[in-house]
Structure formats: C-alpha cells, structure tokens
$ cat upload-v2.cif   # mmCIF, C-alpha atoms
data_start
#
loop_
_atom_site.group_PDB
_atom_site.id
_atom_site.type_symbol
_atom_site.label_atom_id
_atom_site.label_comp_id
_atom_site.auth_asym_id
_atom_site.auth_seq_id
_atom_site.Cartn_x
_atom_site.Cartn_y
_atom_site.Cartn_z
ATOM 1 C CA MET A 1 -65.685 21.921 -39.132
ATOM 2 C CA ALA A 2 -67.348 25.131 -38.006
ATOM 3 C CA SER A 3 -65.909 28.355 -39.313
ATOM 4 C CA MET A 4 -63.659 30.193 -36.871
ATOM 5 C CA ASN A 5 -60.394 32.062 -36.701
ATOM 6 C CA VAL A 6 -57.994 30.015 -34.612
ATOM 7 C CA GLU A 7 -55.624 32.383 -32.899
ATOM 8 C CA LEU A 8 -52.336 31.792 -31.185
ATOM 9 C CA ARG A 9 -54.028 32.334 -27.834
ATOM 10 C CA HIS A 10 -56.207 29.286 -28.525
ATOM 11 C CA LEU A 11 -53.182 27.148 -29.264
ATOM 12 C CA ARG A 12 -51.206 28.427 -26.279
ATOM 13 C CA ALA A 13 -54.155 27.773 -23.990
ATOM 14 C CA PHE A 14 -54.578 24.258 -25.351
ATOM 15 C CA VAL A 15 -50.890 23.379 -25.037
ATOM 16 C CA ALA A 16 -50.732 24.762 -21.490
ATOM 17 C CA VAL A 17 -53.656 22.592 -20.394
ATOM 18 C CA ALA A 18 -52.258 19.575 -22.227
ATOM 19 C CA ARG A 19 -48.865 19.930 -20.520
ATOM 20 C CA THR A 20 -50.227 20.480 -17.020
ATOM 21 C CA ALA A 21 -53.303 18.243 -17.319
ATOM 22 C CA ASN A 22 -54.903 20.791 -15.045
ATOM 23 C CA PHE A 23 -56.980 23.842 -15.929
ATOM 24 C CA THR A 24 -56.163 25.651 -12.695
ATOM 25 C CA ARG A 25 -52.397 25.342 -13.075
ATOM 26 C CA ALA A 26 -52.595 26.176 -16.785
ATOM 27 C CA ALA A 27 -54.588 29.328 -16.027
ATOM 28 C CA GLU A 28 -51.972 30.388 -13.492
ATOM 29 C CA GLN A 29 -49.188 29.876 -16.021
ATOM 30 C CA LEU A 30 -51.066 31.933 -18.604
ATOM 31 C CA HIS A 31 -52.005 34.606 -16.048
ATOM 32 C CA ILE A 32 -55.691 34.404 -16.890
ATOM 33 C CA ALA A 33 -58.784 33.380 -14.960
ATOM 34 C CA GLN A 34 -59.791 29.725 -15.138
ATOM 35 C CA PRO A 35 -63.293 30.463 -16.537
ATOM 36 C CA SER A 36 -61.675 32.451 -19.340
ATOM 37 C CA LEU A 37 -59.327 29.545 -20.089
ATOM 38 C CA SER A 38 -62.241 27.080 -20.151
ATOM 39 C CA HIS A 39 -64.120 29.373 -22.551
ATOM 40 C CA THR A 40 -61.080 29.582 -24.850
ATOM 41 C CA ILE A 41 -60.761 25.791 -24.966
ATOM 42 C CA ARG A 42 -64.484 25.416 -25.749
ATOM 43 C CA GLN A 43 -64.086 27.920 -28.593
ATOM 44 C CA LEU A 44 -61.210 25.885 -30.006
ATOM 45 C CA GLU A 45 -63.081 22.585 -29.709
ATOM 46 C CA THR A 46 -66.125 24.096 -31.391
ATOM 47 C CA GLY A 47 -64.040 25.394 -34.206
ATOM 48 C CA LEU A 48 -62.181 22.124 -34.679
ATOM 49 C CA GLY A 49 -65.286 19.993 -34.451
ATOM 50 C CA PHE A 50 -63.945 17.505 -31.896
ATOM 51 C CA ARG A 51 -63.179 17.347 -28.220
ATOM 52 C CA LEU A 52 -59.624 17.912 -27.091
ATOM 53 C CA PHE A 53 -59.973 16.869 -23.448
ATOM 54 C CA ALA A 54 -61.824 14.254 -21.478
ATOM 55 C CA ARG A 55 -62.615 15.974 -18.157
ATOM 56 C CA THR A 56 -63.912 14.627 -14.915
ATOM 57 C CA THR A 57 -64.143 16.242 -11.506
ATOM 58 C CA ARG A 58 -60.747 14.757 -10.673
ATOM 59 C CA SER A 59 -58.780 14.627 -13.919
ATOM 60 C CA THR A 60 -58.141 16.188 -17.306
ATOM 61 C CA ALA A 61 -56.742 14.046 -20.103
ATOM 62 C CA LEU A 62 -56.219 14.448 -23.819
ATOM 63 C CA THR A 63 -58.561 12.629 -26.135
ATOM 64 C CA PRO A 64 -56.962 10.678 -29.008
ATOM 65 C CA ASP A 65 -57.864 13.587 -31.308
ATOM 66 C CA GLY A 66 -56.368 15.964 -28.752
ATOM 67 C CA GLU A 67 -53.119 13.999 -28.684
ATOM 68 C CA ARG A 68 -52.833 14.240 -32.452
ATOM 69 C CA PHE A 69 -53.717 17.933 -32.476
ATOM 70 C CA LEU A 70 -51.148 18.633 -29.737
ATOM 71 C CA ILE A 71 -48.362 17.646 -32.109
ATOM 72 C CA GLU A 72 -49.607 20.113 -34.719
ATOM 73 C CA ALA A 73 -50.250 22.894 -32.229
ATOM 74 C CA GLN A 74 -46.784 22.589 -30.697
ATOM 75 C CA ALA A 75 -45.189 22.658 -34.139
ATOM 76 C CA VAL A 76 -47.096 25.827 -35.077
ATOM 77 C CA LEU A 77 -46.117 27.577 -31.860
ATOM 78 C CA GLU A 78 -42.493 26.524 -32.160
ATOM 79 C CA ARG A 79 -42.311 27.846 -35.727
ATOM 80 C CA PHE A 80 -44.004 31.084 -34.740
ATOM 81 C CA ASP A 81 -41.791 31.631 -31.696
ATOM 82 C CA ALA A 82 -38.675 30.876 -33.740
ATOM 83 C CA ALA A 83 -39.790 33.340 -36.420
ATOM 84 C CA MET A 84 -40.435 36.026 -33.814
ATOM 85 C CA GLU A 85 -37.055 35.434 -32.187
ATOM 86 C CA ARG A 86 -35.366 35.613 -35.573
ATOM 87 C CA SER A 87 -37.199 38.836 -36.410
ATOM 88 C CA ALA A 88 -36.208 40.360 -33.077
ATOM 89 C CA ARG A 89 -32.570 39.453 -33.686
ATOM 90 C CA MET A 90 -32.731 40.965 -37.146
ATOM 91 C CA ALA A 91 -34.272 44.146 -35.752
ATOM 92 C CA SER A 92 -31.504 44.406 -33.150
ATOM 93 C CA GLY A 93 -28.794 43.839 -35.756
ATOM 94 C CA GLU A 94 -27.767 40.439 -34.424
ATOM 95 C CA LEU A 95 -28.763 38.499 -37.511
ATOM 96 C CA GLY A 96 -28.790 39.049 -41.256
ATOM 97 C CA ARG A 97 -26.506 40.612 -43.828
ATOM 98 C CA LEU A 98 -24.482 43.814 -43.640
ATOM 99 C CA ARG A 99 -22.931 45.366 -46.739
ATOM 100 C CA VAL A 100 -19.780 47.238 -45.815
ATOM 101 C CA GLY A 101 -17.914 49.560 -48.149
ATOM 102 C CA TYR A 102 -14.563 51.144 -47.541
ATOM 103 C CA LEU A 103 -12.566 53.688 -49.462
ATOM 104 C CA ILE A 104 -9.015 52.684 -50.251
ATOM 105 C CA GLY A 105 -6.664 54.085 -47.667
ATOM 106 C CA ALA A 106 -9.418 54.975 -45.170
ATOM 107 C CA ALA A 107 -8.611 53.625 -41.685
ATOM 108 C CA VAL A 108 -6.636 50.865 -43.339
ATOM 109 C CA ASP A 109 -4.684 50.280 -40.120
ATOM 110 C CA HIS A 110 -7.920 49.608 -38.255
ATOM 111 C CA VAL A 111 -10.126 47.804 -40.762
ATOM 112 C CA PRO A 112 -8.947 44.255 -39.888
ATOM 113 C CA ALA A 113 -9.474 44.854 -36.169
ATOM 114 C CA ILE A 114 -12.909 46.408 -36.782
ATOM 115 C CA LEU A 115 -14.029 43.481 -38.916
ATOM 116 C CA ARG A 116 -12.739 40.930 -36.398
ATOM 117 C CA ALA A 117 -14.405 42.691 -33.468
ATOM 118 C CA PHE A 118 -17.720 42.911 -35.310
ATOM 119 C CA ALA A 119 -17.589 39.243 -36.334
ATOM 120 C CA ASP A 120 -16.813 38.222 -32.755
ATOM 121 C CA ARG A 121 -19.696 40.272 -31.350
ATOM 122 C CA TYR A 122 -22.212 39.448 -34.098
ATOM 123 C CA PRO A 123 -21.262 36.028 -35.502
ATOM 124 C CA ASP A 124 -24.669 35.567 -37.168
ATOM 125 C CA VAL A 125 -24.369 38.696 -39.299
ATOM 126 C CA THR A 126 -22.853 37.990 -42.695
ATOM 127 C CA LEU A 127 -20.478 40.748 -43.826
ATOM 128 C CA GLU A 128 -20.217 41.587 -47.514
ATOM 129 C CA ILE A 129 -17.167 43.816 -47.928
ATOM 130 C CA THR A 130 -16.421 45.945 -50.987
ATOM 131 C CA GLU A 131 -13.448 48.223 -51.607
ATOM 132 C CA TYR A 132 -14.039 51.480 -53.488
ATOM 133 C CA ASP A 133 -11.568 53.685 -55.292
ATOM 134 C CA PHE A 134 -11.551 57.458 -55.745
ATOM 135 C CA ALA A 135 -14.183 57.249 -58.480
ATOM 136 C CA SER A 136 -16.675 56.219 -55.746
ATOM 137 C CA PRO A 137 -15.459 57.996 -52.597
ATOM 138 C CA ASN A 138 -18.809 57.591 -50.830
ATOM 139 C CA GLY A 139 -18.156 53.883 -50.490
ATOM 140 C CA GLY A 140 -21.390 52.876 -52.219
ATOM 141 C CA LEU A 141 -23.690 54.785 -49.863
ATOM 142 C CA ASP A 142 -24.952 57.167 -52.544
ATOM 143 C CA THR A 143 -25.873 54.320 -54.886
ATOM 144 C CA GLY A 144 -27.456 52.127 -52.208
ATOM 145 C CA ASP A 145 -24.913 49.367 -52.748
ATOM 146 C CA THR A 146 -23.734 49.411 -49.128
ATOM 147 C CA ASP A 147 -25.330 49.814 -45.714
ATOM 148 C CA VAL A 148 -22.322 51.334 -43.948
ATOM 149 C CA ALA A 149 -18.979 52.625 -45.174
ATOM 150 C CA LEU A 150 -15.555 53.730 -43.968
ATOM 151 C CA VAL A 151 -14.803 56.873 -45.919
ATOM 152 C CA ARG A 152 -12.994 60.182 -45.921
ATOM 153 C CA PRO A 153 -15.401 63.121 -45.833
ATOM 154 C CA PRO A 154 -16.678 65.234 -47.414
ATOM 155 C CA LEU A 155 -19.510 63.100 -48.704
ATOM 156 C CA TYR A 156 -21.911 64.143 -51.429
ATOM 157 C CA GLY A 157 -25.229 62.763 -52.592
ATOM 158 C CA VAL A 158 -25.978 61.207 -49.178
ATOM 159 C CA PRO A 159 -28.334 63.745 -47.563
ATOM 160 C CA ASP A 160 -29.476 61.439 -44.753
ATOM 161 C CA ALA A 161 -25.998 60.385 -43.665
ATOM 162 C CA VAL A 162 -25.314 59.498 -40.032
ATOM 163 C CA THR A 163 -21.612 60.200 -39.589
ATOM 164 C CA THR A 164 -19.234 59.174 -36.813
ATOM 165 C CA THR A 165 -15.729 60.613 -37.082
ATOM 166 C CA LEU A 166 -13.121 57.978 -36.275
ATOM 167 C CA LEU A 167 -9.853 59.846 -36.598
ATOM 168 C CA SER A 168 -8.149 62.840 -38.161
ATOM 169 C CA GLU A 169 -4.701 63.329 -39.651
ATOM 170 C CA ARG A 170 -2.790 66.110 -41.298
ATOM 171 C CA CYS A 171 -2.555 66.506 -45.035
ATOM 172 C CA MET A 172 0.628 66.147 -47.029
ATOM 173 C CA ALA A 173 1.817 67.297 -50.432
ATOM 174 C CA CYS A 174 3.033 64.391 -52.521
ATOM 175 C CA VAL A 175 5.650 65.626 -54.995
ATOM 176 C CA SER A 176 8.226 64.141 -57.305
ATOM 177 C CA THR A 177 11.702 63.916 -55.799
ATOM 178 C CA LEU A 178 12.788 66.067 -58.746
ATOM 179 C CA HIS A 179 10.343 68.841 -57.856
ATOM 180 C CA PRO A 180 11.805 71.986 -56.185
ATOM 181 C CA PHE A 181 9.429 71.463 -53.241
ATOM 182 C CA ALA A 182 11.037 68.094 -52.507
ATOM 183 C CA GLN A 183 13.829 69.787 -50.548
ATOM 184 C CA LEU A 184 11.498 71.813 -48.335
ATOM 185 C CA PRO A 185 10.597 70.753 -44.757
ATOM 186 C CA ARG A 186 7.023 71.985 -45.296
ATOM 187 C CA VAL A 187 4.891 73.887 -47.788
ATOM 188 C CA THR A 188 1.905 76.206 -47.488
ATOM 189 C CA VAL A 189 -1.419 75.884 -49.260
ATOM 190 C CA GLY A 190 -0.595 79.064 -51.153
ATOM 191 C CA GLN A 191 2.581 77.530 -52.587
ATOM 192 C CA LEU A 192 0.594 74.611 -54.018
ATOM 193 C CA LEU A 193 -2.107 76.553 -55.840
ATOM 194 C CA ALA A 194 -0.093 77.407 -58.948
ATOM 195 C CA GLU A 195 1.220 73.845 -59.353
ATOM 196 C CA PRO A 196 -0.171 71.233 -61.755
ATOM 197 C CA ILE A 197 -2.173 68.746 -59.735
ATOM 198 C CA VAL A 198 -3.290 65.120 -60.075
ATOM 199 C CA ALA A 199 -6.992 64.737 -59.225
ATOM 200 C CA ALA A 200 -9.554 62.026 -58.605
ATOM 201 C CA PRO A 201 -12.049 61.275 -61.386
ATOM 202 C CA GLY A 202 -15.412 63.018 -61.385
ATOM 203 C CA ASP A 203 -16.738 66.418 -60.451
ATOM 204 C CA ASN A 204 -17.872 66.522 -56.845
ATOM 205 C CA ALA A 205 -17.199 67.908 -53.379
ATOM 206 C CA TRP A 206 -14.792 65.125 -52.506
ATOM 207 C CA ARG A 207 -12.517 65.828 -55.469
ATOM 208 C CA ASP A 208 -12.778 69.572 -54.773
ATOM 209 C CA TYR A 209 -11.451 69.034 -51.266
ATOM 210 C CA TRP A 210 -8.298 67.255 -52.437
ATOM 211 C CA ILE A 211 -7.524 69.753 -55.204
ATOM 212 C CA LEU A 212 -7.842 72.636 -52.700
ATOM 213 C CA ALA A 213 -10.781 74.168 -54.567
ATOM 214 C CA SER A 214 -11.938 76.197 -51.558
ATOM 215 C CA HIS A 215 -8.550 77.982 -51.480
ATOM 216 C CA ARG A 216 -8.524 78.895 -55.163
ATOM 217 C CA GLY A 217 -9.667 81.939 -57.035
ATOM 218 C CA THR A 218 -9.257 80.216 -60.409
ATOM 219 C CA PRO A 219 -9.723 76.572 -61.471
ATOM 220 C CA ALA A 220 -6.982 74.086 -60.643
ATOM 221 C CA ASN A 221 -4.553 73.034 -63.355
ATOM 222 C CA ILE A 222 -5.508 69.344 -63.399
ATOM 223 C CA THR A 223 -3.028 67.459 -65.535
ATOM 224 C CA HIS A 224 -4.100 63.903 -64.827
ATOM 225 C CA GLU A 225 -6.826 61.877 -63.101
ATOM 226 C CA ALA A 226 -6.160 58.823 -60.944
ATOM 227 C CA ALA A 227 -8.653 56.534 -59.196
ATOM 228 C CA THR A 228 -6.153 54.764 -56.912
ATOM 229 C CA PHE A 229 -3.137 55.694 -54.831
ATOM 230 C CA GLU A 230 -0.963 53.512 -57.060
ATOM 231 C CA ALA A 231 -1.988 55.440 -60.159
ATOM 232 C CA GLU A 232 -1.745 58.751 -58.332
ATOM 233 C CA LEU A 233 1.782 58.129 -57.040
ATOM 234 C CA GLN A 234 2.904 56.894 -60.433
ATOM 235 C CA SER A 235 1.656 60.109 -62.016
ATOM 236 C CA VAL A 236 3.419 62.220 -59.384
ATOM 237 C CA ALA A 237 6.670 60.260 -59.699
ATOM 238 C CA ILE A 238 6.902 60.879 -63.442
ATOM 239 C CA GLY A 239 6.261 64.585 -62.990
ATOM 240 C CA ARG A 240 2.672 65.004 -64.174
ATOM 241 C CA GLY A 241 1.871 67.069 -61.105
ATOM 242 C CA LEU A 242 1.692 66.968 -57.346
ATOM 243 C CA SER A 243 -1.182 65.718 -55.203
ATOM 244 C CA VAL A 244 -2.621 66.214 -51.743
ATOM 245 C CA VAL A 245 -2.873 63.086 -49.604
ATOM 246 C CA PRO A 246 -3.528 62.052 -45.981
ATOM 247 C CA GLU A 247 -0.465 61.590 -43.794
ATOM 248 C CA SER A 248 -1.067 57.845 -43.505
ATOM 249 C CA VAL A 249 -0.351 57.494 -47.217
ATOM 250 C CA ALA A 250 3.259 58.426 -46.545
ATOM 251 C CA ARG A 251 3.522 55.399 -44.273
ATOM 252 C CA LEU A 252 1.432 52.940 -46.231
ATOM 253 C CA TYR A 253 2.450 53.865 -49.773
ATOM 254 C CA SER A 254 6.171 54.490 -49.626
ATOM 255 C CA ARG A 255 7.459 54.730 -53.197
ATOM 256 C CA GLN A 256 10.693 55.674 -54.890
ATOM 257 C CA GLY A 257 10.431 58.901 -56.855
ATOM 258 C CA VAL A 258 8.023 60.695 -54.519
ATOM 259 C CA ARG A 259 8.328 62.681 -51.314
ATOM 260 C CA TYR A 260 5.685 63.669 -48.784
ATOM 261 C CA ILE A 261 5.776 67.164 -47.271
ATOM 262 C CA PRO A 262 3.509 68.522 -44.505
ATOM 263 C CA ILE A 263 1.101 71.258 -45.621
ATOM 264 C CA GLU A 264 0.665 74.330 -43.438
ATOM 265 C CA GLY A 265 -2.651 76.156 -43.533
ATOM 266 C CA MET A 266 -4.828 73.136 -44.383
ATOM 267 C CA ASP A 267 -7.162 71.585 -41.844
ATOM 268 C CA ASP A 268 -6.673 67.955 -40.911
ATOM 269 C CA CYS A 269 -8.583 65.430 -42.984
ATOM 270 C CA GLU A 270 -10.865 62.874 -41.351
ATOM 271 C CA VAL A 271 -11.894 59.258 -41.577
ATOM 272 C CA ALA A 272 -15.492 58.478 -40.683
ATOM 273 C CA VAL A 273 -17.879 55.574 -40.543
ATOM 274 C CA VAL A 274 -21.173 56.485 -42.190
ATOM 275 C CA HIS A 275 -24.558 54.875 -42.654
ATOM 276 C CA ARG A 276 -27.847 56.227 -43.919
ATOM 277 C CA GLU A 277 -30.877 56.817 -41.748
ATOM 278 C CA GLY A 278 -33.076 53.755 -42.005
ATOM 279 C CA ALA A 279 -30.144 51.399 -42.570
ATOM 280 C CA PRO A 280 -30.257 48.020 -40.802
ATOM 281 C CA ARG A 281 -29.564 48.216 -37.070
ATOM 282 C CA SER A 282 -26.387 46.242 -37.748
ATOM 283 C CA ALA A 283 -24.985 49.329 -39.519
ATOM 284 C CA ALA A 284 -25.209 51.348 -36.299
ATOM 285 C CA ASN A 285 -23.688 48.421 -34.418
ATOM 286 C CA PHE A 286 -20.812 48.393 -36.891
ATOM 287 C CA ALA A 287 -20.297 52.139 -36.469
ATOM 288 C CA ARG A 288 -20.207 51.776 -32.701
ATOM 289 C CA ILE A 289 -17.582 49.039 -32.867
ATOM 290 C CA ALA A 290 -15.511 50.978 -35.409
ATOM 291 C CA ALA A 291 -15.510 53.988 -33.080
ATOM 292 C CA ARG A 292 -14.416 51.874 -30.126
ATOM 293 C CA ILE A 293 -11.621 50.140 -32.017
ATOM 294 C CA THR A 294 -10.143 53.359 -33.386
ATOM 295 C CA ALA A 295 -10.487 55.090 -30.017
ATOM 296 C CA ASP A 296 -8.661 52.229 -28.299
ATOM 297 C CA ALA A 297 -5.922 52.389 -30.921
ATOM 298 C CA GLY A 298 -5.631 56.147 -30.451
ATOM 299 C CA ARG A 299 -4.839 55.627 -26.775
ATOM 300 C CA GLY A 300 -1.863 53.471 -27.740
ATOM 301 C CA PRO A 301 1.802 54.515 -28.088
ATOM 302 C CA HIS A 302 1.502 55.865 -31.663
ATOM 303 C CA LYS A 303 2.549 59.504 -31.902
ATOM 304 C CA ARG A 304 2.384 62.005 -34.721
ATOM 305 C CA ASP A 305 5.739 63.280 -35.883
#

$ encode --input "upload-v2.cif" --output "structure tokens"
Amino acid sequence: MASMNVELRHLRAFVAVARTANFTRAAEQLHIAQPSLSHTIRQLETGLGFRLFARTTRSTALTPDGERFLIEAQAVLERFDAAMERSARMASGELGRLRVGYLIGAAVDHVPAILRAFADRYPDVTLEITEYDFASPNGGLDTGDTDVALVRPPLYGVPDAVTTTLLSERCMACVSTLHPFAQLPRVTVGQLLAEPIVAAPGDNAWRDYWILASHRGTPANITHEAATFEAELQSVAIGRGLSVVPESVARLYSRQGVRYIPIEGMDDCEVAVVHREGAPRSAANFARIAARITADAGRGPHKRD
C-alpha cells in the first residue's frame, strides 16, 4: 500500500458516496464541489491500493473491497464521533466525576435538595461527597481533594477561589446553662472577649473568625479545641468555655446543658459554594444549582426570630 495519511475527511467522503451511491448527492451532503469529492476518493483509493467504487456513466457501486472497507470506515467514524460527543459533554459538565466537599453544619438544610437537583439535571455526572470537620474548614479545596465545596467563609489557602454566597445568618454565643450569660436575652461582642472560649483546631483565618480575633487586643483564652459541633457543645456544656456558632446550630444541635444567645455587634456569618478557577465545568454547574435551591428556599415561609 502506498504511503499516505488517511484523514477523517477521506473516510467521511467515502461513506457519503457509499450511502448515496451518487457522487453528486454525496458532494451536496458534504457541502463540497463534486470534482473535489472525486479527487478525495482517488486519494483514498491510491493510499489503500485498491478501488472502492465501480463507476459507470449511469451508476456508482461499491467494489467487494469497498464493501469490506465500508464496515471499517463506519466503525472508525462512529468511534470518533462518540469520543467527540463524550468530550463535549465532559467539557460542558454533563459527564464525568465531581468531588463535592461540605463543612459540617454548612447549608445542612439545603444539601439534600441541592444534591437531588444536581443529580436530576446531570444524571451522568458521578458525585463523590465528603464531609469535613473544623480541622479542614475549606472543604478539601486547599488540598485539591475536592472540586467544589459548601463552606463557611472565610477561606484560607485558596487564592483562586470562585465564591458564590448562598445565605447568611446571625451568630450566637453558645454557653453552659450554668453560665451567668445564660439568663441574658442577648450579649455583645465585648462581653464575650474576656471569657474562656472553645476553638477549632489549627491556626488560620477561619478559626480566628470564630474566636473573635479581629475584636481582640490580646490573644483569646482558648481552653479547649473541638473539631465537630458534638465535641464543641460537650465542652461548653461541662463548662470549659463558651463558643461562637451560626444561628442554625441552635436549631440543628439542640442539647441539654447549653443555651444559645444572639450576639450584638457581630456581622452575620455566611455559607458559600466555592470552586477553584480551572475546576471542571460541573463545579460551576453545581454552584449554580446550589444558588438556585437556596434562593428558592429563602423565598419560602421561614422567618428569622
């Protein structure tokens, strides 16, 4: 066989002629001139070393070699077209794998609905879901273990973060029912600063936020570290210190021995969906759905006390 580079255009031209049994109609389908199509077929036949068509002035028919080659050519084109379709679906976020992280207690009311809505819209994307505690508040984004995460800002160590805020809620002081603050209707940030406090593990901006570091002139009196709400509330209940928590914790983690008190003078905390620049397109699709689900829920009858 003569040396040549068989291109997809050769195969598409051949299959078009084989299906129509007519060079004129095949050229129209391919949107090329008939002489150009004839030249392409001659190139292919020269490269293959055998004739593909038996042509007369009135008819065009496949040769036996052409019939056998048609099977191979169609298979190649079908595989190529399927691969291109699959690649396009992957690029658009409709196919593949998406690694989702979420911080405990972040949008917990909405996570099931978000996951269901995403699965309904993108059934061919496999979700791998990982829960993270307070030792990893970035939800795996900083370590590259996730593609998108539901977290509570502030983040750290994720300089290329694309952040969509989903909701905000006020902050509460979680205190032992035996603490003097337990009888108060509300407390100020200033009242909390001298109190022993239970903190998340680590040394980062996220922990600093929850121990009120930006309000302090001296370091916080951290008496215990807890990586989960369960451990945090247990520490508060036995009097190791108080903690600062989102308002939703009061509803989701009701425990004997603790009381939740609104904090005056502290900005609301937020829940956000975050992915890194360059993440799979499915991460942006997930963020869009998460924003829609939480927005729809926010228009419901729920009211803040």

$ residues_around --input "upload-v2.cif" --residues "range 210-218 of chain A" --least-positions-apart "2" --cutoff "10 Å" --atoms "all atoms listed in the file" --output "ChimeraX atom specification"
/A:154,171,189-190,192-194,196-200,205-208,220-222,242-246,266,269

$ closest_residue --input "upload-v2.cif" --among "A:Leu77, A:Arg255, A:Pro137, A:Arg97" --to "Thr228 in chain A" --atoms "only C-alpha atoms"
A:Pro137

$ closest_residue --input "upload-v2.cif" --among "A:Leu8, A:Ala117, A:Cys174, A:Ala27" --to "Phe80 in chain A" --atoms "only C-alpha atoms"
A:Leu8

$ atom_distance --input "upload-v2.cif" --atom1 "CA of Ala227 in chain A" --atom2 "CA of Ala290 in chain A"
25.4 Å

$ resolve_selection --input "upload-v2.cif" --expression "the PyMOL selection byres ((chain A and resi 13) around 12)" --output "PyMOL selection string"
chain A and resi 6-12+14-34+36-45+52+70+73-74+77

$ closest_residue --input "upload-v2.cif" --among "A:Leu184, A:Ala279, A:Ile238, A:Ala297" --to "Thr146 in chain A" --atoms "all atoms listed in the file"
A:Ala279

$ residues_around --input "upload-v2.cif" --residues "Phe229 in chain A" --least-positions-apart "4" --cutoff "9 Å" --atoms "all atoms listed in the file" --output "list of chain:residue names"
A:Ile104, A:Gly105, A:Asp133, A:Phe134, A:Leu233, A:Gln234, A:Val249, A:Tyr253

$ resolve_selection --input "upload-v2.cif" --expression "the PyMOL selection byres ((chain A and resi 201) around 6)" --output "ChimeraX atom specification"
/A:135,200,202,225

$ write_last_selection --input "upload-v2.cif" --atoms "C-alpha atoms" --output "mmCIF file, in the coordinates of the input"
data_model
loop_
_atom_site.group_PDB
_atom_site.id
_atom_site.type_symbol
_atom_site.label_atom_id
_atom_site.label_comp_id
_atom_site.auth_asym_id
_atom_site.auth_seq_id
_atom_site.Cartn_x
_atom_site.Cartn_y
_atom_site.Cartn_z
ATOM 1 C CA ALA A 135 -14.183 57.249 -58.480
ATOM 2 C CA ALA A 200 -9.554 62.026 -58.605
ATOM 3 C CA GLY A 202 -15.412 63.018 -61.385
ATOM 4 C CA GLU A 225 -6.826 61.877 -63.101
#

$ resolve_selection --input "upload-v2.cif" --expression "the PyMOL selection byres ((chain A and resi 270-276) around 10)" --output "PyMOL selection string"
chain A and resi 100-103+105-107+138-139+141-142+144+146-155+158-171+246+267-269+277-280+283-284+286-288+290-291

$ write_last_selection --input "upload-v2.cif" --atoms "C-alpha atoms" --output "PDB file, in the coordinates of the input"
ATOM      1  CA  VAL A 100     -19.780  47.238 -45.815  1.00  0.00           C
ATOM      2  CA  GLY A 101     -17.914  49.560 -48.149  1.00  0.00           C
ATOM      3  CA  TYR A 102     -14.563  51.144 -47.541  1.00  0.00           C
ATOM      4  CA  LEU A 103     -12.566  53.688 -49.462  1.00  0.00           C
ATOM      5  CA  GLY A 105      -6.664  54.085 -47.667  1.00  0.00           C
ATOM      6  CA  ALA A 106      -9.418  54.975 -45.170  1.00  0.00           C
ATOM      7  CA  ALA A 107      -8.611  53.625 -41.685  1.00  0.00           C
ATOM      8  CA  ASN A 138     -18.809  57.591 -50.830  1.00  0.00           C
ATOM      9  CA  GLY A 139     -18.156  53.883 -50.490  1.00  0.00           C
ATOM     10  CA  LEU A 141     -23.690  54.785 -49.863  1.00  0.00           C
ATOM     11  CA  ASP A 142     -24.952  57.167 -52.544  1.00  0.00           C
ATOM     12  CA  GLY A 144     -27.456  52.127 -52.208  1.00  0.00           C
ATOM     13  CA  THR A 146     -23.734  49.411 -49.128  1.00  0.00           C
ATOM     14  CA  ASP A 147     -25.330  49.814 -45.714  1.00  0.00           C
ATOM     15  CA  VAL A 148     -22.322  51.334 -43.948  1.00  0.00           C
ATOM     16  CA  ALA A 149     -18.979  52.625 -45.174  1.00  0.00           C
ATOM     17  CA  LEU A 150     -15.555  53.730 -43.968  1.00  0.00           C
ATOM     18  CA  VAL A 151     -14.803  56.873 -45.919  1.00  0.00           C
ATOM     19  CA  ARG A 152     -12.994  60.182 -45.921  1.00  0.00           C
ATOM     20  CA  PRO A 153     -15.401  63.121 -45.833  1.00  0.00           C
ATOM     21  CA  PRO A 154     -16.678  65.234 -47.414  1.00  0.00           C
ATOM     22  CA  LEU A 155     -19.510  63.100 -48.704  1.00  0.00           C
ATOM     23  CA  VAL A 158     -25.978  61.207 -49.178  1.00  0.00           C
ATOM     24  CA  PRO A 159     -28.334  63.745 -47.563  1.00  0.00           C
ATOM     25  CA  ASP A 160     -29.476  61.439 -44.753  1.00  0.00           C
ATOM     26  CA  ALA A 161     -25.998  60.385 -43.665  1.00  0.00           C
ATOM     27  CA  VAL A 162     -25.314  59.498 -40.032  1.00  0.00           C
ATOM     28  CA  THR A 163     -21.612  60.200 -39.589  1.00  0.00           C
ATOM     29  CA  THR A 164     -19.234  59.174 -36.813  1.00  0.00           C
ATOM     30  CA  THR A 165     -15.729  60.613 -37.082  1.00  0.00           C
ATOM     31  CA  LEU A 166     -13.121  57.978 -36.275  1.00  0.00           C
ATOM     32  CA  LEU A 167      -9.853  59.846 -36.598  1.00  0.00           C
ATOM     33  CA  SER A 168      -8.149  62.840 -38.161  1.00  0.00           C
ATOM     34  CA  GLU A 169      -4.701  63.329 -39.651  1.00  0.00           C
ATOM     35  CA  ARG A 170      -2.790  66.110 -41.298  1.00  0.00           C
ATOM     36  CA  CYS A 171      -2.555  66.506 -45.035  1.00  0.00           C
ATOM     37  CA  PRO A 246      -3.528  62.052 -45.981  1.00  0.00           C
ATOM     38  CA  ASP A 267      -7.162  71.585 -41.844  1.00  0.00           C
ATOM     39  CA  ASP A 268      -6.673  67.955 -40.911  1.00  0.00           C
ATOM     40  CA  CYS A 269      -8.583  65.430 -42.984  1.00  0.00           C
ATOM     41  CA  GLU A 277     -30.877  56.817 -41.748  1.00  0.00           C
ATOM     42  CA  GLY A 278     -33.076  53.755 -42.005  1.00  0.00           C
ATOM     43  CA  ALA A 279     -30.144  51.399 -42.570  1.00  0.00           C
ATOM     44  CA  PRO A 280     -30.257  48.020 -40.802  1.00  0.00           C
ATOM     45  CA  ALA A 283     -24.985  49.329 -39.519  1.00  0.00           C
ATOM     46  CA  ALA A 284     -25.209  51.348 -36.299  1.00  0.00           C
ATOM     47  CA  PHE A 286     -20.812  48.393 -36.891  1.00  0.00           C
ATOM     48  CA  ALA A 287     -20.297  52.139 -36.469  1.00  0.00           C
ATOM     49  CA  ARG A 288     -20.207  51.776 -32.701  1.00  0.00           C
ATOM     50  CA  ALA A 290     -15.511  50.978 -35.409  1.00  0.00           C
ATOM     51  CA  ALA A 291     -15.510  53.988 -33.080  1.00  0.00           C
TER      52      ALA A 291
END

$ atom_distance --input "upload-v2.cif" --atom1 "CA of Thr177 in chain A" --atom2 "CA of Ala231 in chain A"
16.7 Å

$ atom_distance --input "upload-v2.cif" --atom1 "CA of Gln183 in chain A" --atom2 "CA of Tyr260 in chain A"
10.3 Å

$ closest_residue --input "upload-v2.cif" --among "A:Gly140, A:Val125, A:Asp203, A:Glu247" --to "Ala91 in chain A" --atoms "only C-alpha atoms"
A:Val125

$ residues_around --input "upload-v2.cif" --residues "Leu115 in chain A" --least-positions-apart "3" --cutoff "9 Å" --atoms "all atoms listed in the file" --output "ChimeraX atom specification"
/A:110-112,118-120,127,286,289-290
